[in-house]
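Accompanying notes for the structure given below.
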Amino acid sequence: MAARYVTAWRGRYHCKTSCLTVGGMADTITIRTDDETEHALDVLTHDGSSRSAAIRQAVLEAAGRRERAAEMRREVLRMNLGQADGVNVAEELARDRADEF
């Protein structure tokens, strides 16, 4: 198992690149982190999880959220909206907002 950490300044951002290569494992992914990403990783690993496990879990959760959002959009597009009721929502909203001022 070989671990390599490279730290560099890129403009105003401090970047740290981590690369861990393990024989017999899946593909290795290398990321460049900034201060915001490092903080997020600190939060995700506070419970003792490894950085690798935290990143893997975050990727899976993000993919799940995107899949659910896409499914909800498809469901809305499949909905039967019925007959138009003649209400112009944009005009109604503009009228309501005009009354606020």
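How things are named: the first chain in the structure tokens is A, the next is B, and so on; residues count from 1 in each chain; ligands count from 1 in the order shown.
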
Please build the interface table for segment 41-60 of chain A against segment 65-84 of chain A with a cut-off of 12 Å, listing for each qualifying residue the nearest atom pair and the distance in Å to one decimal; count only C-alpha atoms, order rows by chain and increasing number, and write it as a tab-separated table.
residue	atom	partner	partner_atom	distance
A:Ala58	CA	A:Arg65	CA	10.5
A:Val59	CA	A:Arg65	CA	10.0
A:Leu60	CA	A:Arg65	CA	8.7

Handout entry: Straight-line distance linking atom CA of Gly64 of chain A with atom CA of Asp34 of chain A, stated in Å to one decimal
Key = 24.8 Å

Test item: residues at most 12 Å from Thr45 of chain A, only C-alpha atoms, excluding those fewer than 5 positions along its chain, as an mmCIF file with C-alpha atoms, in the first residue's frame:
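Produced file part-v9.cif, reproduced below:
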data_model
loop_
_atom_site.group_PDB
_atom_site.id
_atom_site.type_symbol
_atom_site.label_atom_id
_atom_site.label_comp_id
_atom_site.auth_asym_id
_atom_site.auth_seq_id
_atom_site.Cartn_x
_atom_site.Cartn_y
_atom_site.Cartn_z
ATOM 1 C CA GLU A 38 -10.837 20.091 4.130
ATOM 2 C CA HIS A 39 -13.346 21.425 6.668
ATOM 3 C CA ALA A 40 -16.096 19.257 5.166
ATOM 4 C CA SER A 50 -11.520 7.295 7.216
ATOM 5 C CA ARG A 51 -11.326 9.998 4.566
ATOM 6 C CA SER A 52 -11.822 7.324 1.926
ATOM 7 C CA ALA A 53 -14.974 5.974 3.602
ATOM 8 C CA ALA A 54 -16.346 9.493 4.123
ATOM 9 C CA ILE A 55 -15.781 10.433 0.475
ATOM 10 C CA ARG A 56 -17.268 7.144 -0.739
ATOM 11 C CA GLN A 57 -20.376 7.666 1.450
ATOM 12 C CA ALA A 58 -20.744 11.296 0.321
#

Fill in the blank from the handout: re atom CA of Leu44 of chain A and atom CA of Ile31 of chain A: distance 15.9 Å

Practice task
Work out how far apart atom CA of Ala62 of chain A and atom CA of Leu41 of chain A are and give it in Å to one decimal.
Solution key: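 A separation of 14.9 Å between them.
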